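Q: Structure: start-v3.csv, CSV, C-alpha atoms.
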```csv
chain,number,residue,atom,x,y,z
A,1139,MET,CA,7.6,4.4,-86.2
A,1140,THR,CA,8.9,7.5,-87.9
A,1141,SER,CA,8.6,9.4,-91.1
A,1142,ASN,CA,11.7,7.6,-92.3
A,1143,ASN,CA,9.7,4.3,-92.4
A,1144,LEU,CA,6.7,5.2,-94.6
A,1145,ILE,CA,5.2,1.7,-94.7
A,1146,LEU,CA,1.6,3.1,-95.0
A,1147,LYS,CA,2.4,5.8,-97.5
A,1148,GLY,CA,-0.6,6.7,-99.6
A,1149,LYS,CA,-3.1,4.8,-97.5
A,1150,ARG,CA,-6.2,6.7,-96.4
A,1151,ILE,CA,-7.3,5.4,-93.0
A,1152,ALA,CA,-10.2,6.7,-90.9
A,1153,ILE,CA,-10.1,6.3,-87.1
A,1154,THR,CA,-13.0,6.7,-84.7
A,1155,GLY,CA,-12.4,8.0,-81.2
A,1156,ALA,CA,-9.3,9.6,-82.5
A,1157,GLY,CA,-9.2,12.5,-80.1
A,1158,ARG,CA,-7.8,10.8,-77.0
A,1159,GLY,CA,-6.0,7.7,-75.7
A,1160,LEU,CA,-5.5,4.8,-78.1
A,1161,GLY,CA,-7.3,6.6,-81.0
A,1162,ARG,CA,-4.9,9.6,-80.7
A,1163,ALA,CA,-1.9,7.3,-80.5
A,1164,LEU,CA,-3.0,5.4,-83.6
A,1165,ALA,CA,-3.6,8.6,-85.6
A,1166,ILE,CA,-0.1,9.9,-84.8
A,1167,VAL,CA,1.7,6.7,-85.5
A,1168,LEU,CA,-0.1,5.9,-88.7
A,1169,ALA,CA,0.4,9.4,-89.9
A,1170,ASP,CA,4.1,9.1,-89.1
A,1171,ALA,CA,4.1,5.9,-91.2
A,1172,GLY,CA,2.8,7.9,-94.2
A,1173,ALA,CA,-0.9,7.3,-93.9
A,1174,ASN,CA,-3.4,10.0,-94.7
A,1175,VAL,CA,-5.5,9.7,-91.5
A,1176,VAL,CA,-9.1,10.9,-91.1
A,1177,LEU,CA,-9.9,11.8,-87.5
A,1178,LEU,CA,-13.4,11.0,-86.2
A,1179,GLY,CA,-14.8,11.8,-82.7
A,1180,ARG,CA,-17.3,13.7,-80.7
A,1181,ASP,CA,-15.1,16.7,-79.7
A,1182,LEU,CA,-14.0,18.6,-82.8
A,1183,VAL,CA,-11.7,20.9,-80.7
A,1184,VAL,CA,-9.8,17.9,-79.4
A,1185,LEU,CA,-9.6,16.3,-82.9
A,1186,GLN,CA,-8.2,19.5,-84.3
A,1187,ALA,CA,-5.5,19.5,-81.7
A,1188,VAL,CA,-4.5,16.0,-82.8
A,1189,ALA,CA,-4.6,17.1,-86.4
A,1190,GLU,CA,-2.3,20.1,-85.7
A,1191,ALA,CA,0.1,17.8,-83.8
A,1192,ILE,CA,0.2,15.6,-86.9
A,1193,GLN,CA,0.7,18.5,-89.2
A,1194,GLY,CA,3.7,19.6,-87.1
A,1195,ARG,CA,5.3,16.2,-87.7
A,1196,THR,CA,4.3,15.4,-91.3
A,1197,ASN,CA,3.4,18.8,-92.9
A,1198,THR,CA,0.0,17.4,-93.7
A,1199,LEU,CA,-3.2,18.5,-91.9
A,1200,PRO,CA,-5.6,15.5,-91.5
A,1201,LEU,CA,-9.3,15.9,-92.0
A,1202,ALA,CA,-11.1,16.1,-88.6
A,1203,VAL,CA,-14.8,15.3,-88.6
A,1204,SER,CA,-17.3,15.5,-85.7
A,1205,CYS,CA,-19.0,12.2,-85.2
A,1206,ASP,CA,-21.2,10.9,-82.4
A,1207,LEU,CA,-21.4,7.1,-82.8
A,1208,ALA,CA,-24.6,7.0,-80.6
A,1209,GLN,CA,-26.4,9.3,-83.1
A,1210,ALA,CA,-27.3,7.8,-86.5
A,1211,GLN,CA,-27.6,11.2,-88.2
A,1212,SER,CA,-24.2,12.3,-86.9
A,1213,VAL,CA,-22.7,9.1,-88.3
A,1214,ALA,CA,-24.4,9.6,-91.6
A,1215,ASP,CA,-23.2,13.2,-91.8
A,1216,ALA,CA,-19.6,12.2,-90.9
A,1217,CYS,CA,-19.5,9.4,-93.6
A,1218,LYS,CA,-20.7,11.9,-96.2
A,1219,THR,CA,-18.0,14.4,-95.3
A,1220,VAL,CA,-15.3,11.7,-95.4
A,1221,LEU,CA,-16.3,10.4,-98.8
A,1222,ASN,CA,-17.0,13.9,-100.3
A,1223,GLU,CA,-13.4,14.8,-99.6
A,1224,ASN,CA,-12.1,11.6,-101.2
A,1225,GLU,CA,-14.3,8.8,-102.4
A,1226,LEU,CA,-11.6,6.2,-101.7
A,1227,LEU,CA,-10.8,4.8,-98.3
A,1228,ASP,CA,-8.1,2.1,-97.5
A,1229,GLY,CA,-8.9,1.5,-93.9
A,1230,LEU,CA,-11.3,2.0,-91.1
A,1231,ILE,CA,-10.3,1.5,-87.4
A,1232,ASN,CA,-13.4,1.2,-85.2
A,1233,ASN,CA,-11.9,2.4,-82.0
A,1234,GLY,CA,-14.6,4.7,-80.6
A,1235,ALA,CA,-16.7,3.3,-77.8
A,1236,PRO,CA,-17.7,4.7,-74.4
A,1237,TRP,CA,-16.4,3.1,-71.2
A,1238,LEU,CA,-19.1,2.2,-68.7
A,1239,THR,CA,-18.7,1.0,-65.1
A,1240,GLY,CA,-21.1,0.1,-62.4
A,1241,ASN,CA,-23.5,-2.6,-61.4
A,1242,LEU,CA,-26.5,-3.1,-63.7
A,1243,SER,CA,-29.0,-2.0,-61.1
A,1244,ASP,CA,-27.1,1.3,-60.7
A,1245,LEU,CA,-27.0,2.2,-64.4
A,1246,SER,CA,-29.5,4.5,-66.0
A,1247,ASP,CA,-31.4,3.3,-69.0
A,1248,GLN,CA,-29.9,6.2,-70.9
A,1249,ALA,CA,-26.3,5.2,-70.0
A,1250,ILE,CA,-27.0,1.6,-71.1
A,1251,LEU,CA,-28.5,2.6,-74.4
A,1252,GLY,CA,-25.8,5.2,-75.1
A,1253,ALA,CA,-23.0,2.6,-74.5
A,1254,ILE,CA,-24.6,-0.1,-76.7
A,1255,ASN,CA,-25.8,2.3,-79.4
A,1256,ALA,CA,-22.3,3.8,-79.8
A,1257,ALA,CA,-20.3,0.6,-79.7
A,1258,VAL,CA,-22.6,-1.7,-81.7
A,1259,SER,CA,-25.1,0.4,-83.8
A,1260,GLY,CA,-22.5,3.1,-84.3
A,1261,THR,CA,-19.8,0.7,-85.4
A,1262,LEU,CA,-22.2,-1.0,-87.8
A,1263,LEU,CA,-23.5,2.3,-89.2
A,1264,ILE,CA,-20.1,3.9,-89.8
A,1265,THR,CA,-18.8,0.7,-91.4
A,1266,LYS,CA,-21.8,0.6,-93.7
A,1267,GLY,CA,-21.5,4.4,-94.4
A,1268,LEU,CA,-17.9,4.1,-95.4
A,1269,LEU,CA,-18.1,0.8,-97.2
A,1270,ALA,CA,-18.4,2.3,-100.6
A,1271,GLY,CA,-15.0,4.0,-100.1
A,1272,LEU,CA,-13.4,0.7,-98.8
A,1273,GLN,CA,-14.8,-1.1,-101.8
A,1274,ARG,CA,-12.9,1.3,-104.1
A,1275,SER,CA,-9.6,0.4,-102.5
A,1276,GLU,CA,-7.4,-2.3,-103.9
A,1277,ALA,CA,-6.4,-3.4,-100.4
A,1278,ALA,CA,-8.8,-2.3,-97.6
A,1279,ASP,CA,-8.9,-3.2,-93.9
A,1280,VAL,CA,-11.6,-2.9,-91.3
A,1281,VAL,CA,-10.1,-3.2,-87.7
A,1282,THR,CA,-12.4,-3.1,-84.7
A,1283,ILE,CA,-10.8,-2.6,-81.2
A,1284,VAL,CA,-13.0,-4.8,-79.1
A,1285,SER,CA,-11.4,-5.6,-75.7
A,1286,SER,CA,-10.9,-8.8,-73.8
A,1287,CYS,CA,-14.4,-8.1,-72.4
A,1288,GLY,CA,-15.7,-9.3,-75.7
A,1289,VAL,CA,-14.2,-12.8,-75.3
A,1290,LEU,CA,-16.6,-15.1,-73.6
A,1291,GLY,CA,-15.6,-16.0,-70.1
A,1292,TRP,CA,-12.4,-13.9,-70.2
A,1293,ASP,CA,-11.8,-13.0,-66.5
A,1294,SER,CA,-15.4,-11.8,-66.4
A,1295,GLN,CA,-15.6,-12.5,-62.6
A,1296,GLN,CA,-12.4,-10.8,-61.6
A,1297,GLY,CA,-13.6,-7.2,-61.1
A,1298,ILE,CA,-16.8,-8.4,-59.4
A,1299,ASN,CA,-15.0,-10.8,-57.0
A,1300,GLU,CA,-12.4,-8.1,-56.1
A,1301,GLY,CA,-15.2,-5.5,-55.5
A,1302,MET,CA,-13.7,-3.1,-58.1
A,1303,GLN,CA,-16.0,-0.1,-58.5
A,1304,ASP,CA,-14.3,0.8,-61.8
A,1305,SER,CA,-14.5,-2.6,-63.4
A,1306,ALA,CA,-16.4,-2.9,-66.7
A,1307,SER,CA,-20.2,-3.1,-66.4
A,1308,THR,CA,-22.5,-5.8,-67.8
A,1309,ALA,CA,-23.6,-3.2,-70.4
A,1310,PHE,CA,-20.0,-2.7,-71.5
A,1311,TYR,CA,-19.5,-6.5,-71.8
A,1312,ALA,CA,-22.8,-6.7,-73.8
A,1313,ALA,CA,-21.6,-3.9,-76.2
A,1314,LYS,CA,-18.2,-5.6,-76.7
A,1315,HIS,CA,-19.8,-9.0,-77.4
A,1316,GLY,CA,-21.9,-7.2,-80.0
A,1317,GLN,CA,-18.8,-5.8,-81.6
A,1318,SER,CA,-17.2,-9.2,-81.6
A,1319,GLY,CA,-20.2,-10.8,-83.4
A,1320,LEU,CA,-20.5,-8.0,-86.0
A,1321,SER,CA,-16.8,-8.3,-86.8
A,1322,ASP,CA,-16.9,-12.0,-87.2
A,1323,ARG,CA,-19.9,-11.9,-89.5
A,1324,LEU,CA,-18.4,-9.0,-91.5
A,1325,HIS,CA,-15.2,-10.9,-92.0
A,1326,HIS,CA,-17.1,-13.6,-93.9
A,1327,GLU,CA,-19.2,-11.1,-95.8
A,1328,LEU,CA,-16.4,-8.9,-97.0
A,1329,LYS,CA,-13.7,-11.6,-97.6
A,1330,PRO,CA,-14.9,-12.3,-101.2
A,1331,GLN,CA,-14.5,-8.6,-101.9
A,1332,GLY,CA,-10.9,-8.6,-100.8
A,1333,ILE,CA,-11.6,-6.5,-97.7
A,1334,ARG,CA,-9.8,-7.8,-94.6
A,1335,VAL,CA,-11.8,-7.6,-91.3
A,1336,SER,CA,-10.0,-7.9,-88.0
A,1337,ALA,CA,-11.1,-7.8,-84.4
A,1338,VAL,CA,-8.5,-7.0,-81.7
A,1339,TYR,CA,-9.0,-8.0,-78.1
A,1340,PRO,CA,-6.6,-6.2,-75.8
A,1341,PRO,CA,-6.8,-6.5,-72.0
A,1342,ASP,CA,-6.6,-3.4,-69.8
A,1343,PHE,CA,-3.6,-1.4,-70.9
A,1344,ASP,CA,-1.8,1.8,-69.9
A,1345,ASP,CA,-2.2,4.8,-72.1
A,1346,ALA,CA,1.0,6.1,-73.7
A,1347,ASP,CA,1.5,9.0,-76.1
A,1348,PRO,CA,3.7,8.8,-79.2
A,1349,LEU,CA,4.8,12.4,-78.4
A,1350,ASP,CA,6.1,11.4,-75.0
A,1351,SER,CA,9.7,10.2,-74.5
A,1352,SER,CA,8.4,7.1,-72.7
A,1353,TRP,CA,6.6,5.9,-75.9
A,1354,GLY,CA,7.6,2.3,-76.4
A,1355,ALA,CA,9.1,1.9,-72.9
A,1356,PRO,CA,7.7,-0.6,-70.3
A,1357,SER,CA,4.7,0.3,-68.2
A,1358,SER,CA,5.5,2.9,-65.5
A,1359,ARG,CA,3.2,1.0,-63.0
A,1360,GLN,CA,5.3,0.0,-60.0
A,1361,ALA,CA,2.8,-2.6,-58.9
A,1362,ASP,CA,2.5,-4.2,-62.3
A,1363,VAL,CA,5.6,-3.6,-64.5
A,1364,ASP,CA,4.4,-6.2,-67.0
A,1365,ASN,CA,1.1,-4.3,-67.8
A,1366,MET,CA,0.6,-3.7,-71.4
A,1367,SER,CA,0.7,-0.2,-72.9
A,1368,SER,CA,-1.1,1.3,-75.9
A,1369,TYR,CA,2.3,1.0,-77.7
A,1370,ALA,CA,1.8,-2.7,-77.9
A,1371,VAL,CA,-1.8,-2.4,-79.2
A,1372,VAL,CA,-0.8,0.2,-81.8
A,1373,SER,CA,2.1,-2.0,-82.9
A,1374,THR,CA,-0.2,-4.9,-83.3
A,1375,ILE,CA,-2.6,-2.9,-85.5
A,1376,VAL,CA,0.3,-1.6,-87.6
A,1377,HIS,CA,1.3,-5.2,-88.2
A,1378,ILE,CA,-2.2,-6.1,-89.3
A,1379,LEU,CA,-2.4,-3.2,-91.7
A,1380,THR,CA,1.0,-3.9,-93.3
A,1381,ALA,CA,0.9,-7.7,-93.4
A,1382,PRO,CA,0.9,-9.4,-96.8
A,1383,ARG,CA,-2.6,-9.7,-98.3
A,1384,SER,CA,-2.4,-13.4,-98.2
A,1385,CYS,CA,-2.7,-13.2,-94.4
A,1386,SER,CA,-5.9,-12.2,-92.6
A,1387,PHE,CA,-6.4,-11.7,-88.8
A,1388,PRO,CA,-10.1,-12.3,-88.0
A,1389,MET,CA,-9.4,-12.5,-84.3
A,1390,VAL,CA,-6.3,-11.2,-82.4
A,1391,VAL,CA,-6.4,-11.8,-78.7
A,1392,LEU,CA,-3.7,-9.9,-76.7
A,1393,ASP,CA,-2.6,-10.9,-73.2
A,1394,ASN,CA,0.0,-9.6,-70.8
A,1395,ALA,CA,3.2,-11.7,-70.9
```
Could you render the structure from this file as structure tokens?

A:
Amino acid sequence: MTSNNLILKGKRIAITGAGRGLGRALAIVLADAGANVVLLGRDLVVLQAVAEAIQGRTNTLPLAVSCDLAQAQSVADACKTVLNENELLDGLINNGAPWLTGNLSDLSDQAILGAINAAVSGTLLITKGLLAGLQRSEAADVVTIVSSCGVLGWDSQQGINEGMQDSASTAFYAAKHGQSGLSDRLHHELKPQGIRVSAVYPPDFDDADPLDSSWGAPSSRQADVDNMSSYAVVSTIVHILTAPRSCSFPMVVLDNA
């Protein structure tokens, strides 16, 4: 995706967790496609670095807003800042959510609450807080990056059976199932208003960066050359955002080929 293919020109799209990984990749690619991206995340310094990278490519400096999804007041303040700058919003990508590993008995109560508050309550609150802006758009989208961990029974025993210490925790699974449920219900609630709601369920994938020459290339993993990269996830989301409005994508499950 380059500035010569401005398929999202004029669209204003907010992205949570935009400072690193998939969120950063989405921000750069969508900006290259002409979108006016709004960057949301906990670390304002990191967000500003992404904003400057985008400015160097598009001559437009995106709005960067500090937002801790686990803190209701932080979410409310962020939503106010986003809509004060421009009361219209064409898209929201709910990407921000903490990764949490470990056995349930080893996790602190604070870690469990933090993960679920950010992924579930935070996603609900930021969607609610920005809904007025989405309702002002003629063609709005809400896309939530869930994870295959949010699909009931999807390889849920694999990490446990293999003794993987870095496999997703029960709390992470719970958070992702919460996101799945909220996206499903929101799809039905907002459909009459013309707002498309999509949930994307990627498996584990390798992080790639749009500023790297390997962007779009196959995974560099020697042991698993077929492993998905964030390029595939970003491409899927671009397709959702640019598809004809007669199409909707309530649930998109990705799997390695």

Q: Using all atoms listed in the file, find the one residue out of A:Asp1244, A:Asp1228, A:Glu1327, A:Glu1223 that sits nearest to Val1281 of chain A.

A: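 With all atoms listed in the file as the atom set, the closest residue is A:Asp1228.
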
Q: I'd like the neighbourhood of His1377 of chain A as a compact mmCIF listing (two decimals) with C-alpha atoms, keeping the file's coordinate frame, where a residue qualifies if any of its atoms comes within 12 Å (using all atoms listed in the file), though same-chain residues fewer than 2 positions away should be ignored.

A:
```txt
# COMPACT_ATOMS: atom_id res chain seq x y z
CA MET A 1139 7.60 4.40 -86.20
CA ILE A 1145 5.20 1.70 -94.70
CA LEU A 1146 1.60 3.10 -95.00
CA LEU A 1168 -0.10 5.90 -88.70
CA ALA A 1171 4.10 5.90 -91.20
CA ASP A 1279 -8.90 -3.20 -93.90
CA VAL A 1281 -10.10 -3.20 -87.70
CA SER A 1336 -10.00 -7.90 -88.00
CA VAL A 1338 -8.50 -7.00 -81.70
CA ALA A 1370 1.80 -2.70 -77.90
CA VAL A 1371 -1.80 -2.40 -79.20
CA VAL A 1372 -0.80 0.20 -81.80
CA SER A 1373 2.10 -2.00 -82.90
CA THR A 1374 -0.20 -4.90 -83.30
CA ILE A 1375 -2.60 -2.90 -85.50
CA LEU A 1379 -2.40 -3.20 -91.70
CA THR A 1380 1.00 -3.90 -93.30
CA ALA A 1381 0.90 -7.70 -93.40
CA PRO A 1382 0.90 -9.40 -96.80
CA ARG A 1383 -2.60 -9.70 -98.30
CA CYS A 1385 -2.70 -13.20 -94.40
CA SER A 1386 -5.90 -12.20 -92.60
CA PHE A 1387 -6.40 -11.70 -88.80
CA VAL A 1390 -6.30 -11.20 -82.40
```

Q: Find the residue from A:Leu1349, A:Ser1275, A:Leu1207, A:Thr1308 that sits nearest to Leu1242 of chain A; use all atoms listed in the file when measuring.

A: A:Thr1308

Q: Counting only C-alpha atoms, which of A:Gly1252, A:Gly1291, A:Pro1348, A:Gly1332 gets nearest to Gln1209 of chain A?

A: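 Counting only C-alpha atoms, the residue closest to Gln1209 of chain A is A:Gly1252.
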
Q: So how far away is atom CA of Gly1288 of chain A from atom CA of Ala1313 of chain A, in Å?

A: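 Spanning atom CA of Ala1313 of chain A to atom CA of Gly1288 of chain A is a straight-line distance of 8.0 Å.
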
Q: Could you please determine the separation between atom CA of Ala1257 of chain A and atom CA of Ala1235 of chain A in Å, to one decimal place?

A: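 About the pair atom CA of Ala1257 of chain A and atom CA of Ala1235 of chain A: they are 4.9 Å apart.
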
Q: Near Ile1192 of chain A, within 10 Å and counting only C-alpha atoms, which residues show up once chain neighbours fewer than 2 positions away are dropped, as number ranges by chain?

A: A: 1165-1170, 1175, 1186-1190, 1194-1200

Q: Looking at A:Ser1368, A:Leu1226, A:Gly1172, A:Leu1263, which one is nearest to Ser1352 of chain A, with distances taken over all atoms listed in the file?

A: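 So, comparing all the options, the nearest one is A:Ser1368.
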
Q: When you count only C-alpha atoms, which of these residues is closest to Ser1367 of chain A: A:Leu1328, A:Ala1163, A:Ala1312, A:Ile1250?

A: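 For Ser1367 of chain A, the nearest of the given residues is A:Ala1163.
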
Q: Around (-9.8, 17.4, -82.2) in the file's frame, which residues reach within 10 Å when counting all atoms listed in the file? Return as a PDB file with C-alpha atoms, in the coordinates of the input?

A:
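Written file, point26.pdb:
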```
ATOM      1  CA  GLY A1155     -12.400   8.000 -81.200  1.00  0.00           C
ATOM      2  CA  ALA A1156      -9.300   9.600 -82.500  1.00  0.00           C
ATOM      3  CA  GLY A1157      -9.200  12.500 -80.100  1.00  0.00           C
ATOM      4  CA  ARG A1158      -7.800  10.800 -77.000  1.00  0.00           C
ATOM      5  CA  ARG A1162      -4.900   9.600 -80.700  1.00  0.00           C
ATOM      6  CA  LEU A1177      -9.900  11.800 -87.500  1.00  0.00           C
ATOM      7  CA  LEU A1178     -13.400  11.000 -86.200  1.00  0.00           C
ATOM      8  CA  GLY A1179     -14.800  11.800 -82.700  1.00  0.00           C
ATOM      9  CA  ARG A1180     -17.300  13.700 -80.700  1.00  0.00           C
ATOM     10  CA  ASP A1181     -15.100  16.700 -79.700  1.00  0.00           C
ATOM     11  CA  LEU A1182     -14.000  18.600 -82.800  1.00  0.00           C
ATOM     12  CA  VAL A1183     -11.700  20.900 -80.700  1.00  0.00           C
ATOM     13  CA  VAL A1184      -9.800  17.900 -79.400  1.00  0.00           C
ATOM     14  CA  LEU A1185      -9.600  16.300 -82.900  1.00  0.00           C
ATOM     15  CA  GLN A1186      -8.200  19.500 -84.300  1.00  0.00           C
ATOM     16  CA  ALA A1187      -5.500  19.500 -81.700  1.00  0.00           C
ATOM     17  CA  VAL A1188      -4.500  16.000 -82.800  1.00  0.00           C
ATOM     18  CA  ALA A1189      -4.600  17.100 -86.400  1.00  0.00           C
ATOM     19  CA  GLU A1190      -2.300  20.100 -85.700  1.00  0.00           C
ATOM     20  CA  LEU A1201      -9.300  15.900 -92.000  1.00  0.00           C
ATOM     21  CA  ALA A1202     -11.100  16.100 -88.600  1.00  0.00           C
ATOM     22  CA  VAL A1203     -14.800  15.300 -88.600  1.00  0.00           C
ATOM     23  CA  SER A1204     -17.300  15.500 -85.700  1.00  0.00           C
TER      24      SER A1204
END
```

Q: Can you work out which one of A:Pro1341, A:Gly1159, A:Gly1267, A:Pro1388 has the shortest atom-to-atom distance to Leu1324 of chain A, counting only C-alpha atoms?

A: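 For Leu1324 of chain A, the nearest of the given residues is A:Pro1388.
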
Q: If you count all atoms listed in the file, which residues fall within 8 Å of Pro1236 of chain A, apart from same-chain ones fewer than 2 positions away, as a list of chain:residue names?

A: A:Gly1234, A:Leu1238, A:Ala1253, A:Ala1256, A:Ala1257

Q: For a test of reading the model, state the distance in Å between atom CA of Leu1160 of chain A and atom CA of Ala1346 of chain A, rounded to one decimal.

A: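 Atom-to-atom, atom CA of Leu1160 of chain A and atom CA of Ala1346 of chain A are spaced 8.0 Å apart.
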
Q: So that I can see what lies close to Cys1217 of chain A, please list as a PyMOL selection string the residues with an atom at most 6 Å from it, counting only C-alpha atoms and leaving out residues fewer than 2 positions away in the same chain.

A: chain A and resi 1214-1215+1219-1220+1267-1268
